[in-house]
file coords-v2.pdb (PDB, C-alpha atoms and all ligand atoms)
MODEL        1
ATOM      1  CA  SER A1162     105.167 115.033 151.459
ATOM      2  CA  ILE A1163     102.467 114.868 148.843
ATOM      3  CA  PRO A1164     100.800 118.188 148.056
ATOM      4  CA  LEU A1165      97.115 118.263 148.968
ATOM      5  CA  SER A1166      96.014 119.081 145.453
ATOM      6  CA  PHE A1167      97.165 115.612 144.374
ATOM      7  CA  PHE A1168      94.543 114.121 146.664
ATOM      8  CA  ALA A1169      91.993 116.477 145.164
ATOM      9  CA  GLY A1170      93.094 115.421 141.686
ATOM     10  CA  ILE A1171      92.809 111.714 142.442
ATOM     11  CA  GLY A1172      89.480 112.286 144.195
ATOM     12  CA  GLY A1173      88.128 114.386 141.336
ATOM     13  CA  ALA A1174      89.185 111.770 138.825
ATOM     14  CA  SER A1175      87.596 108.952 140.791
ATOM     15  CA  ARG A1176      84.275 110.806 140.872
ATOM     16  CA  GLU A1177      84.440 110.685 137.064
ATOM     17  CA  GLY A1178      85.070 106.939 137.120
ATOM     18  CA  ILE A1179      88.788 107.422 136.460
ATOM     19  CA  LEU A1180      90.925 105.438 138.869
ATOM     20  CA  VAL A1181      94.442 106.898 139.166
ATOM     21  CA  LYS A1182      96.743 104.516 141.030
ATOM     22  CA  GLY A1183      99.160 107.146 142.371
ATOM     23  CA  SER A1184      99.865 110.864 142.455
ATOM     24  CA  ASN A1185     103.009 110.483 140.302
ATOM     25  CA  TYR A1186     100.759 109.362 137.432
ATOM     26  CA  LEU A1187      98.927 112.692 137.524
ATOM     27  CA  GLU A1188     102.215 114.459 136.916
ATOM     28  CA  THR A1189     103.025 112.214 133.945
ATOM     29  CA  LEU A1190      99.476 112.413 132.557
ATOM     30  CA  ALA A1191      99.660 116.200 132.572
ATOM     31  CA  GLN A1192     102.597 116.002 130.131
ATOM     32  CA  THR A1193     100.897 113.657 127.648
ATOM     33  CA  ARG A1194     101.621 114.436 124.002
ATOM     34  CA  TYR A1195     101.121 111.052 122.326
ATOM     35  CA  VAL A1196      98.036 108.910 122.812
ATOM     36  CA  VAL A1197      98.264 105.389 121.424
ATOM     37  CA  PHE A1198      95.215 103.092 121.313
ATOM     38  CA  ASP A1199      94.334  99.517 120.838
ATOM     39  CA  LYS A1200      91.290  99.066 118.586
ATOM     40  CA  THR A1201      89.169  96.154 119.761
ATOM     41  CA  GLY A1202      87.447  96.872 123.059
ATOM     42  CA  THR A1203      89.073 100.286 123.330
ATOM     43  CA  MET A1204      87.714 102.219 120.358
ATOM     44  CA  THR A1205      85.211  99.543 119.371
ATOM     45  CA  GLN A1206      82.687  97.870 121.627
ATOM     46  CA  GLY A1207      84.468  94.544 121.312
ATOM     47  CA  VAL A1208      81.098  92.924 120.768
ATOM     48  CA  PHE A1209      81.149  91.187 117.405
ATOM     49  CA  GLU A1210      78.145  90.096 115.378
ATOM     50  CA  VAL A1211      78.511  87.183 113.019
ATOM     51  CA  SER A1212      77.517  88.603 109.651
ATOM     52  CA  GLY A1213      78.083  85.626 107.412
ATOM     53  CA  VAL A1214      79.448  82.128 107.095
ATOM     54  CA  HIS A1215      81.175  81.515 103.787
ATOM     55  CA  HIS A1216      82.195  77.972 103.206
ATOM     56  CA  ASN A1217      83.876  75.718 100.729
ATOM     57  CA  GLU A1218      82.234  72.356 101.060
ATOM     58  CA  MET A1219      81.357  72.188 104.680
ATOM     59  CA  GLU A1220      77.811  72.804 105.818
ATOM     60  CA  GLU A1221      77.367  76.248 107.367
ATOM     61  CA  ALA A1222      76.040  74.972 110.700
ATOM     62  CA  ARG A1223      78.931  72.538 110.978
ATOM     63  CA  LEU A1224      81.531  75.222 110.299
ATOM     64  CA  LEU A1225      80.045  77.440 112.979
ATOM     65  CA  GLU A1226      79.943  74.496 115.370
ATOM     66  CA  TYR A1227      83.617  73.746 114.784
ATOM     67  CA  ALA A1228      84.459  77.400 115.326
ATOM     68  CA  ALA A1229      82.471  77.621 118.564
ATOM     69  CA  LEU A1230      83.943  74.385 119.907
ATOM     70  CA  ALA A1231      87.535  75.265 118.983
ATOM     71  CA  GLU A1232      87.111  78.696 120.581
ATOM     72  CA  SER A1233      85.375  77.358 123.698
ATOM     73  CA  ALA A1234      88.294  78.071 126.037
ATOM     74  CA  SER A1235      89.110  81.542 124.681
ATOM     75  CA  SER A1236      88.016  84.726 126.421
ATOM     76  CA  HIS A1237      88.605  86.817 123.285
ATOM     77  CA  PRO A1238      85.575  88.891 122.187
ATOM     78  CA  ILE A1239      85.656  87.004 118.860
ATOM     79  CA  SER A1240      85.196  83.755 120.745
ATOM     80  CA  LYS A1241      82.301  85.146 122.764
ATOM     81  CA  SER A1242      80.539  86.243 119.584
ATOM     82  CA  LEU A1243      80.996  82.831 117.981
ATOM     83  CA  GLN A1244      79.565  81.110 121.076
ATOM     84  CA  LYS A1245      76.553  83.393 120.880
ATOM     85  CA  ALA A1246      75.993  82.787 117.172
ATOM     86  CA  TYR A1247      76.268  79.031 117.754
ATOM     87  CA  GLY A1248      73.688  79.368 120.494
ATOM     88  CA  LYS A1249      74.042  75.861 121.909
ATOM     89  CA  ALA A1250      75.814  74.465 124.943
ATOM     90  CA  ILE A1251      79.376  73.359 124.273
ATOM     91  CA  ASP A1252      80.101  69.676 124.720
ATOM     92  CA  ARG A1253      83.598  70.029 126.134
ATOM     93  CA  SER A1254      84.228  66.298 125.929
ATOM     94  CA  ARG A1255      84.502  66.671 122.122
ATOM     95  CA  VAL A1256      87.312  69.236 122.354
ATOM     96  CA  THR A1257      90.948  68.455 123.148
ATOM     97  CA  ASP A1258      94.401  69.946 122.520
ATOM     98  CA  ILE A1259      93.173  73.537 122.687
ATOM     99  CA  GLU A1260      95.863  76.116 122.016
ATOM    100  CA  GLU A1261      95.318  79.870 121.807
ATOM    101  CA  ILE A1262      97.827  81.751 119.692
ATOM    102  CA  SER A1263      97.745  85.320 120.850
ATOM    103  CA  GLY A1264      96.934  87.750 118.009
ATOM    104  CA  ASN A1265      96.268  84.867 115.634
ATOM    105  CA  GLY A1266      93.492  82.576 116.787
ATOM    106  CA  VAL A1267      93.084  79.069 118.148
ATOM    107  CA  THR A1268      93.806  75.479 117.240
ATOM    108  CA  ALA A1269      92.141  72.415 118.775
ATOM    109  CA  LYS A1270      90.970  68.922 118.047
ATOM    110  CA  ILE A1271      87.262  68.284 117.721
ATOM    111  CA  ASP A1272      86.212  64.632 117.811
ATOM    112  CA  GLY A1273      89.923  64.041 117.214
ATOM    113  CA  ILE A1274      89.990  66.141 114.013
ATOM    114  CA  PRO A1275      92.422  69.102 113.925
ATOM    115  CA  VAL A1276      90.621  72.426 113.578
ATOM    116  CA  ALA A1277      92.075  75.935 113.333
ATOM    117  CA  ALA A1278      90.150  79.206 113.614
ATOM    118  CA  GLY A1279      91.838  82.561 113.186
ATOM    119  CA  ASN A1280      93.211  85.186 110.853
ATOM    120  CA  ALA A1281      95.178  84.922 107.613
ATOM    121  CA  LYS A1282      98.423  84.847 109.610
ATOM    122  CA  LEU A1283      97.288  81.704 111.406
ATOM    123  CA  MET A1284      96.567  79.990 108.081
ATOM    124  CA  GLU A1285     100.020  81.038 106.847
ATOM    125  CA  ARG A1286     101.630  79.685 109.987
ATOM    126  CA  LEU A1287      99.888  76.366 109.464
ATOM    127  CA  GLY A1288     100.739  76.326 105.760
ATOM    128  CA  ILE A1289      97.092  76.215 104.721
ATOM    129  CA  PRO A1290      96.214  78.042 101.499
ATOM    130  CA  TYR A1291      93.196  80.228 102.200
ATOM    131  CA  LYS A1292      90.890  82.328 100.079
ATOM    132  CA  GLU A1293      91.230  86.111 100.332
ATOM    133  CA  CYS A1294      88.138  87.746 101.720
ATOM    134  CA  HIS A1295      87.046  90.976 100.120
ATOM    135  CA  HIS A1296      84.468  92.035 102.684
ATOM    136  CA  VAL A1297      85.268  94.641 105.281
ATOM    137  CA  GLY A1298      85.050  92.963 108.639
ATOM    138  CA  THR A1299      87.081  90.743 110.892
ATOM    139  CA  VAL A1300      87.554  87.376 109.252
ATOM    140  CA  VAL A1301      87.854  84.064 111.062
ATOM    141  CA  HIS A1302      89.388  81.623 108.616
ATOM    142  CA  MET A1303      88.705  77.943 109.326
ATOM    143  CA  ALA A1304      90.816  74.929 108.567
ATOM    144  CA  VAL A1305      89.517  71.431 109.237
ATOM    145  CA  ASN A1306      91.703  68.363 109.027
ATOM    146  CA  GLY A1307      94.510  70.290 107.359
ATOM    147  CA  ALA A1308      92.380  71.793 104.581
ATOM    148  CA  TYR A1309      90.758  75.185 104.178
ATOM    149  CA  ALA A1310      87.085  74.952 105.130
ATOM    150  CA  GLY A1311      85.814  78.514 104.708
ATOM    151  CA  HIS A1312      85.506  81.653 106.771
ATOM    152  CA  ILE A1313      83.191  83.418 109.154
ATOM    153  CA  LEU A1314      82.796  87.157 108.788
ATOM    154  CA  ILE A1315      82.149  89.158 111.916
ATOM    155  CA  SER A1316      81.878  92.850 112.573
ATOM    156  CA  ASP A1317      82.340  95.117 115.536
ATOM    157  CA  LEU A1318      80.788  98.509 116.253
ATOM    158  CA  LEU A1319      82.528 101.716 117.279
ATOM    159  CA  LYS A1320      81.903 102.894 120.821
ATOM    160  CA  PRO A1321      79.406 105.788 120.851
ATOM    161  CA  ASN A1322      82.035 108.214 122.202
ATOM    162  CA  ALA A1323      84.994 107.019 120.127
ATOM    163  CA  LYS A1324      84.980 109.835 117.593
ATOM    164  CA  GLU A1325      84.415 112.502 120.208
ATOM    165  CA  ALA A1326      87.251 110.996 122.256
ATOM    166  CA  ILE A1327      89.691 111.668 119.414
ATOM    167  CA  THR A1328      88.319 115.142 118.723
ATOM    168  CA  SER A1329      88.607 116.130 122.356
ATOM    169  CA  LEU A1330      92.216 114.903 122.509
ATOM    170  CA  LYS A1331      93.010 117.101 119.517
ATOM    171  CA  HIS A1332      91.306 120.044 121.229
ATOM    172  CA  ALA A1333      93.411 119.354 124.309
ATOM    173  CA  GLY A1334      96.500 119.859 122.126
ATOM    174  CA  ILE A1335      97.580 116.223 121.912
ATOM    175  CA  GLU A1336     100.236 116.083 119.215
ATOM    176  CA  LYS A1337      99.644 112.577 117.951
ATOM    177  CA  THR A1338      96.961 109.889 118.079
ATOM    178  CA  VAL A1339      98.000 106.422 116.954
ATOM    179  CA  MET A1340      96.009 103.192 116.656
ATOM    180  CA  LEU A1341      97.632  99.764 116.955
ATOM    181  CA  THR A1342      95.769  96.579 116.159
ATOM    182  CA  GLY A1343      96.175  92.925 115.404
ATOM    183  CA  ASP A1344      93.259  93.125 113.027
ATOM    184  CA  SER A1345      93.546  93.384 109.230
ATOM    185  CA  LYS A1346      94.698  96.523 107.407
ATOM    186  CA  LYS A1347      91.308  96.884 105.775
ATOM    187  CA  VAL A1348      89.383  97.016 109.057
ATOM    188  CA  ALA A1349      92.048  99.119 110.797
ATOM    189  CA  ASP A1350      92.193 101.757 108.050
ATOM    190  CA  GLN A1351      88.426 102.061 107.952
ATOM    191  CA  VAL A1352      88.132 102.535 111.725
ATOM    192  CA  ALA A1353      91.004 105.057 111.805
ATOM    193  CA  LYS A1354      89.444 107.046 108.988
ATOM    194  CA  GLU A1355      86.041 107.102 110.649
ATOM    195  CA  LEU A1356      87.566 108.316 113.911
ATOM    196  CA  GLY A1357      90.068 110.782 112.463
ATOM    197  CA  ILE A1358      93.105 108.971 113.896
ATOM    198  CA  GLY A1359      96.162 110.111 111.976
ATOM    199  CA  GLU A1360      98.423 107.115 112.272
ATOM    200  CA  VAL A1361      97.497 103.433 112.205
ATOM    201  CA  TYR A1362      99.446 100.170 112.337
ATOM    202  CA  SER A1363      97.665  96.876 111.691
ATOM    203  CA  GLU A1364      98.288  93.125 111.703
ATOM    204  CA  LEU A1365     100.481  93.464 114.787
ATOM    205  CA  LEU A1366     101.185  90.691 117.235
ATOM    206  CA  PRO A1367     101.239  91.657 120.929
ATOM    207  CA  ALA A1368     105.069  91.850 120.789
ATOM    208  CA  ASP A1369     104.890  94.104 117.697
ATOM    209  CA  LYS A1370     102.722  96.486 119.690
ATOM    210  CA  VAL A1371     105.465  96.754 122.303
ATOM    211  CA  SER A1372     108.095  97.470 119.593
ATOM    212  CA  LYS A1373     105.849 100.098 118.020
ATOM    213  CA  VAL A1374     105.377 101.847 121.361
ATOM    214  CA  GLU A1375     109.141 101.734 121.916
ATOM    215  CA  GLU A1376     109.695 103.391 118.523
ATOM    216  CA  LEU A1377     107.188 106.104 119.357
ATOM    217  CA  LEU A1378     108.807 106.644 122.780
ATOM    218  CA  LYS A1379     112.138 107.243 121.042
ATOM    219  CA  GLU A1380     110.684 109.477 118.363
ATOM    220  CA  LYS A1381     109.004 111.985 120.682
ATOM    221  CA  ASN A1382     110.560 114.721 122.766
ATOM    222  CA  ALA A1383     111.824 113.230 126.054
ATOM    223  CA  LYS A1384     109.693 115.499 128.235
ATOM    224  CA  ALA A1385     106.539 114.703 126.319
ATOM    225  CA  LYS A1386     104.770 111.613 127.633
ATOM    226  CA  LEU A1387     103.126 108.718 125.837
ATOM    227  CA  VAL A1388      99.889 107.127 126.984
ATOM    228  CA  PHE A1389      98.745 103.707 125.813
ATOM    229  CA  VAL A1390      95.082 102.790 126.156
ATOM    230  CA  GLY A1391      93.971  99.164 125.881
ATOM    231  CA  ASP A1392      91.263  96.730 126.888
ATOM    232  CA  GLY A1393      93.962  94.376 128.059
ATOM    233  CA  ILE A1394      93.130  91.300 126.021
ATOM    234  CA  ASN A1395      96.808  90.488 125.441
ATOM    235  CA  ASP A1396      98.052  94.075 125.718
ATOM    236  CA  ALA A1397      99.291  94.041 129.326
ATOM    237  CA  PRO A1398     102.962  94.244 128.132
ATOM    238  CA  VAL A1399     102.276  97.464 126.180
ATOM    239  CA  LEU A1400     100.362  98.935 129.101
ATOM    240  CA  SER A1401     103.450  98.599 131.283
ATOM    241  CA  ARG A1402     105.883  99.788 128.589
ATOM    242  CA  ALA A1403     104.130 103.147 127.968
ATOM    243  CA  ASP A1404     104.778 106.162 130.216
ATOM    244  CA  ILE A1405     101.177 105.726 131.342
ATOM    245  CA  GLY A1406      99.000 102.685 130.725
ATOM    246  CA  ILE A1407      95.252 103.219 130.760
ATOM    247  CA  ALA A1408      93.014 100.148 130.910
ATOM    248  CA  MET A1409      89.345  99.717 130.234
ATOM    249  CA  GLY A1410      88.030  98.549 133.596
ATOM    250  CA  ALA A1411      84.652  97.014 132.783
ATOM    251  CA  LEU A1412      85.612  94.941 129.756
ATOM    252  CA  GLY A1413      89.311  94.695 130.548
ATOM    253  CA  SER A1414      91.060  91.646 131.923
ATOM    254  CA  ASP A1415      92.441  91.418 135.452
ATOM    255  CA  ALA A1416      95.965  91.370 134.009
ATOM    256  CA  ALA A1417      95.341  94.687 132.284
ATOM    257  CA  ILE A1418      93.881  96.340 135.360
ATOM    258  CA  GLU A1419      96.925  95.128 137.263
ATOM    259  CA  ALA A1420      99.401  96.387 134.623
ATOM    260  CA  ALA A1421      97.679  99.760 134.170
ATOM    261  CA  ASP A1422      98.403 103.030 135.978
ATOM    262  CA  VAL A1423      94.955 104.416 135.304
ATOM    263  CA  VAL A1424      91.692 102.482 134.954
ATOM    264  CA  LEU A1425      88.549 103.790 133.243
ATOM    265  CA  MET A1426      85.751 102.158 135.203
ATOM    266  CA  ASP A1427      83.084 102.557 132.517
ATOM    267  CA  ASP A1428      85.251 101.891 129.431
ATOM    268  CA  ASP A1429      84.399 105.326 128.015
ATOM    269  CA  PRO A1430      87.244 106.545 125.743
ATOM    270  CA  LEU A1431      86.127 110.151 126.267
ATOM    271  CA  LYS A1432      87.524 109.820 129.805
ATOM    272  CA  ILE A1433      91.060 109.791 128.363
ATOM    273  CA  SER A1434      91.045 113.518 127.607
ATOM    274  CA  LYS A1435      89.138 114.117 130.823
ATOM    275  CA  ALA A1436      91.903 112.410 132.808
ATOM    276  CA  ILE A1437      94.539 114.542 131.066
ATOM    277  CA  ARG A1438      92.583 117.735 131.804
ATOM    278  CA  ILE A1439      92.146 116.819 135.471
ATOM    279  CA  ALA A1440      95.879 116.065 135.732
ATOM    280  CA  ARG A1441      96.856 119.362 134.095
ATOM    281  CA  LYS A1442      94.569 121.333 136.362
ATOM    282  CA  CYS A1443      95.983 119.581 139.381
ATOM    283  CA  MET A1444      99.587 120.344 138.321
ATOM    284  CA  ARG A1445      98.772 124.020 137.822
ATOM    285  CA  ILE A1446      97.649 124.119 141.440
ATOM    286  CA  VAL A1447     100.759 122.309 142.668
ATOM    287  CA  TYR A1448     103.202 124.672 140.965
TER     288      TYR A1448
HETATM  289  P1  LIG A1501      93.303  93.904 118.684
HETATM  290  O1  LIG A1501      94.702  94.354 118.433
HETATM  291  O2  LIG A1501      92.359  94.507 117.715
HETATM  292  O3  LIG A1501      92.881  94.104 120.097
HETATM  293  P2  LIG A1501      94.008  91.070 119.071
HETATM  294  O4  LIG A1501      95.462  91.310 119.217
HETATM  295  O5  LIG A1501      93.259  90.573 120.242
HETATM  296  O6  LIG A1501      93.239  92.317 118.388
HETATM  297  O7  LIG A1501      93.796  90.026 117.880
HETATM  298  C1  LIG A1501      94.284  90.325 116.606
HETATM  299  C2  LIG A1501      93.636  89.479 115.559
HETATM  300  O8  LIG A1501      93.955  88.121 115.782
HETATM  301  C3  LIG A1501      92.122  89.560 115.539
HETATM  302  O9  LIG A1501      91.655  90.630 114.769
HETATM  303  C4  LIG A1501      91.786  88.215 114.938
HETATM  304  O10 LIG A1501      91.905  88.280 113.521
HETATM  305  C5  LIG A1501      92.853  87.291 115.461
HETATM  306  N1  LIG A1501      92.444  86.583 116.687
HETATM  307  C6  LIG A1501      92.911  86.786 117.939
HETATM  308  N2  LIG A1501      92.336  85.955 118.816
HETATM  309  C7  LIG A1501      91.451  85.216 118.093
HETATM  310  C8  LIG A1501      90.523  84.186 118.418
HETATM  311  N3  LIG A1501      90.362  83.725 119.657
HETATM  312  N4  LIG A1501      89.800  83.647 117.407
HETATM  313  C9  LIG A1501      89.940  84.093 116.143
HETATM  314  N5  LIG A1501      90.772  85.067 115.772
HETATM  315  C10 LIG A1501      91.529  85.614 116.731
HETATM  316 MG    MG A1502      92.986  93.891 122.148
ENDMDL
END

call {"tool": "encode", "arguments": {"input": "coords-v2.pdb", "output": "structure tokens"}}
result
Amino acid sequence: SIPLSFFAGIGGASREGILVKGSNYLETLAQTRYVVFDKTGTMTQGVFEVSGVHHNEMEEARLLEYAALAESASSHPISKSLQKAYGKAIDRSRVTDIEEISGNGVTAKIDGIPVAAGNAKLMERLGIPYKECHHVGTVVHMAVNGAYAGHILISDLLKPNAKEAITSLKHAGIEKTVMLTGDSKKVADQVAKELGIGEVYSELLPADKVSKVEELLKEKNAKAKLVFVGDGINDAPVLSRADIGIAMGALGSDAAIEAADVVLMDDDPLKISKAIRIARKCMRIVY
């Protein structure tokens, strides 16, 4: 039978907007020593602002239009921000052959012309020489008709509680905080430094995130547990691989909420340490 205090623990958590899917997760949560995060949508708001369009020969408005059209089927926060910056309705009849390459970007045909929008890795994959960008920000490189056409610089903001979330995990005695991201090293290092996250791995594909979590699982003491926190845009596999997967509920995808063991209803990263504290308190009552 399930001890009563587990019900109290789950109830207490849910009043804080922390949905715990089963009492066994409270037991695991209480033993958390490693907390591993995704960046976009987890530590950052995942709401990008277009901060500049830098082009080769193509007109700025045209480059943005190509980006918005090529991204029109993507639910990635980058896509949403490009749609907003474009500001016009998308004429879907102009877009065909849309392909989203997870952790890289998108390719499509616009008016029959091949267009690619994504990071440096996407350009490398397509064999398109691109210009390095020296700004700090997430870069969407654009290729049109097989040639480099310029880039769009966008930036994200930290969540208001992100820094406090890390501090409170340290106060709770968490041994290690790690950030994993598909974004560039430059952006990743800056965010990690601002938040005080000790370890950071960047330019990872979704599968690389799984391998990284597996390495960390091996490295730690077997009794110590590892939590992964993500917004779920292509991190459902990592959420299930960790000892505990925590998903952002408001911004997160259905797949992430499904794959997660714990869901934070309001996307507040400060609730991570709160969940651990509730779980520990509950276990002290059980034993
Ligand atoms: P994170 O690990 O920060 O959550 P993702 O794995 O979703 O990021 O994406 C990693 C990187 O891949 C992004 O920073 C971006 O450079 C690129 N990318 C992914 N999806 C898109 C897209 N739809 N359009 C443009 N770039 C994208
Ligand atoms: Mg993500």

call {"tool": "closest_residue", "arguments": {"input": "coords-v2.pdb", "among": "A:Asp1344, A:Glu1220, A:Glu1364, A:Asp1404", "to": "ligand LIG 1501 (chain A)", "atoms": "only C-alpha atoms and all ligand atoms"}}
result
A:Asp1344

call {"tool": "resolve_selection", "arguments": {"input": "coords-v2.pdb", "expression": "the PyMOL selection byres (((not hetatm)) within 9 of (chain A and resi 1502))", "output": "MDAnalysis selection string"}}
result
chainID A and resid 1199:1203 1207 1237:1238 1264 1342:1343 1367 1391:1396

call {"tool": "resolve_selection", "arguments": {"input": "coords-v2.pdb", "expression": "the PyMOL selection byres (((chain A and resi 1279) around 10) and not hetatm)", "output": "ChimeraX atom specification"}}
result
/A:1228,1232,1239,1261-1262,1264-1268,1277-1278,1280-1284,1299-1304,1312-1313

call {"tool": "resolve_selection", "arguments": {"input": "coords-v2.pdb", "expression": "the PyMOL selection byres (((chain A and resi 1405) around 10) and not hetatm)", "output": "MDAnalysis selection string"}}
result
chainID A and resid 1186:1187 1189:1190 1193 1196 1386:1390 1399:1404 1406:1408 1421:1423

call {"tool": "closest_residue", "arguments": {"input": "coords-v2.pdb", "among": "A:Ile1335, A:Val1276, A:Ala1308, A:Ile1358", "to": "ligand LIG 1501 (chain A)", "atoms": "only C-alpha atoms and all ligand atoms"}}
result
A:Val1276

call {"tool": "axis_aligned_box", "arguments": {"input": "coords-v2.pdb", "around": "ligand LIG 1501 (chain A)", "padding_each_side": "4 Å", "output": "lines of an AutoDock Vina configuration file"}}
result
center_x = 92.6
center_y = 89.1
center_z = 116.9
size_x = 13.7
size_y = 18.9
size_z = 14.7

call {"tool": "atom_distance", "arguments": {"input": "coords-v2.pdb", "atom1": "atom P2 of ligand LIG 1501 (chain A)", "atom2": "atom CA of A:Lys1354"}}
result
19.4 Å

call {"tool": "atom_distance", "arguments": {"input": "coords-v2.pdb", "atom1": "atom C2 of ligand LIG 1501 (chain A)", "atom2": "atom CA of A:Thr1205"}}
result
13.7 Å

call {"tool": "atom_distance", "arguments": {"input": "coords-v2.pdb", "atom1": "atom CA of A:Gly1359", "atom2": "atom CA of A:Met1340"}}
result
8.4 Å

call {"tool": "residues_around", "arguments": {"input": "coords-v2.pdb", "residues": "stretch 1180-1184 of chain A", "least_positions_apart": "4", "cutoff": "8 Å", "atoms": "all atoms listed in the file", "output": "list in words"}}
result
Ile1163, Phe1167, Phe1168, Ile1171, Ala1174, Ser1175, Glu1188, Asp1422, Val1423, Val1424, Leu1425 and Met1426 of chain A

call {"tool": "closest_residue", "arguments": {"input": "coords-v2.pdb", "among": "A:Glu1325, A:Glu1218, A:Glu1355, A:Asp1427", "to": "A:Ala1310", "atoms": "all atoms listed in the file"}}
result
A:Glu1218

call {"tool": "closest_residue", "arguments": {"input": "coords-v2.pdb", "among": "A:Gly1170, A:Gly1298, A:Gly1178, A:Gly1273", "to": "ligand LIG 1501 (chain A)", "atoms": "all atoms listed in the file"}}
result
A:Gly1298

call {"tool": "closest_residue", "arguments": {"input": "coords-v2.pdb", "among": "A:Val1297, A:Ala1411, A:Ala1231, A:Leu1378", "to": "ligand LIG 1501 (chain A)", "atoms": "only C-alpha atoms and all ligand atoms"}}
result
A:Ala1231

call {"tool": "closest_residue", "arguments": {"input": "coords-v2.pdb", "among": "A:Ala1246, A:Ala1385, A:Leu1318, A:Met1219", "to": "A:Asn1306", "atoms": "only C-alpha atoms"}}
result
A:Met1219
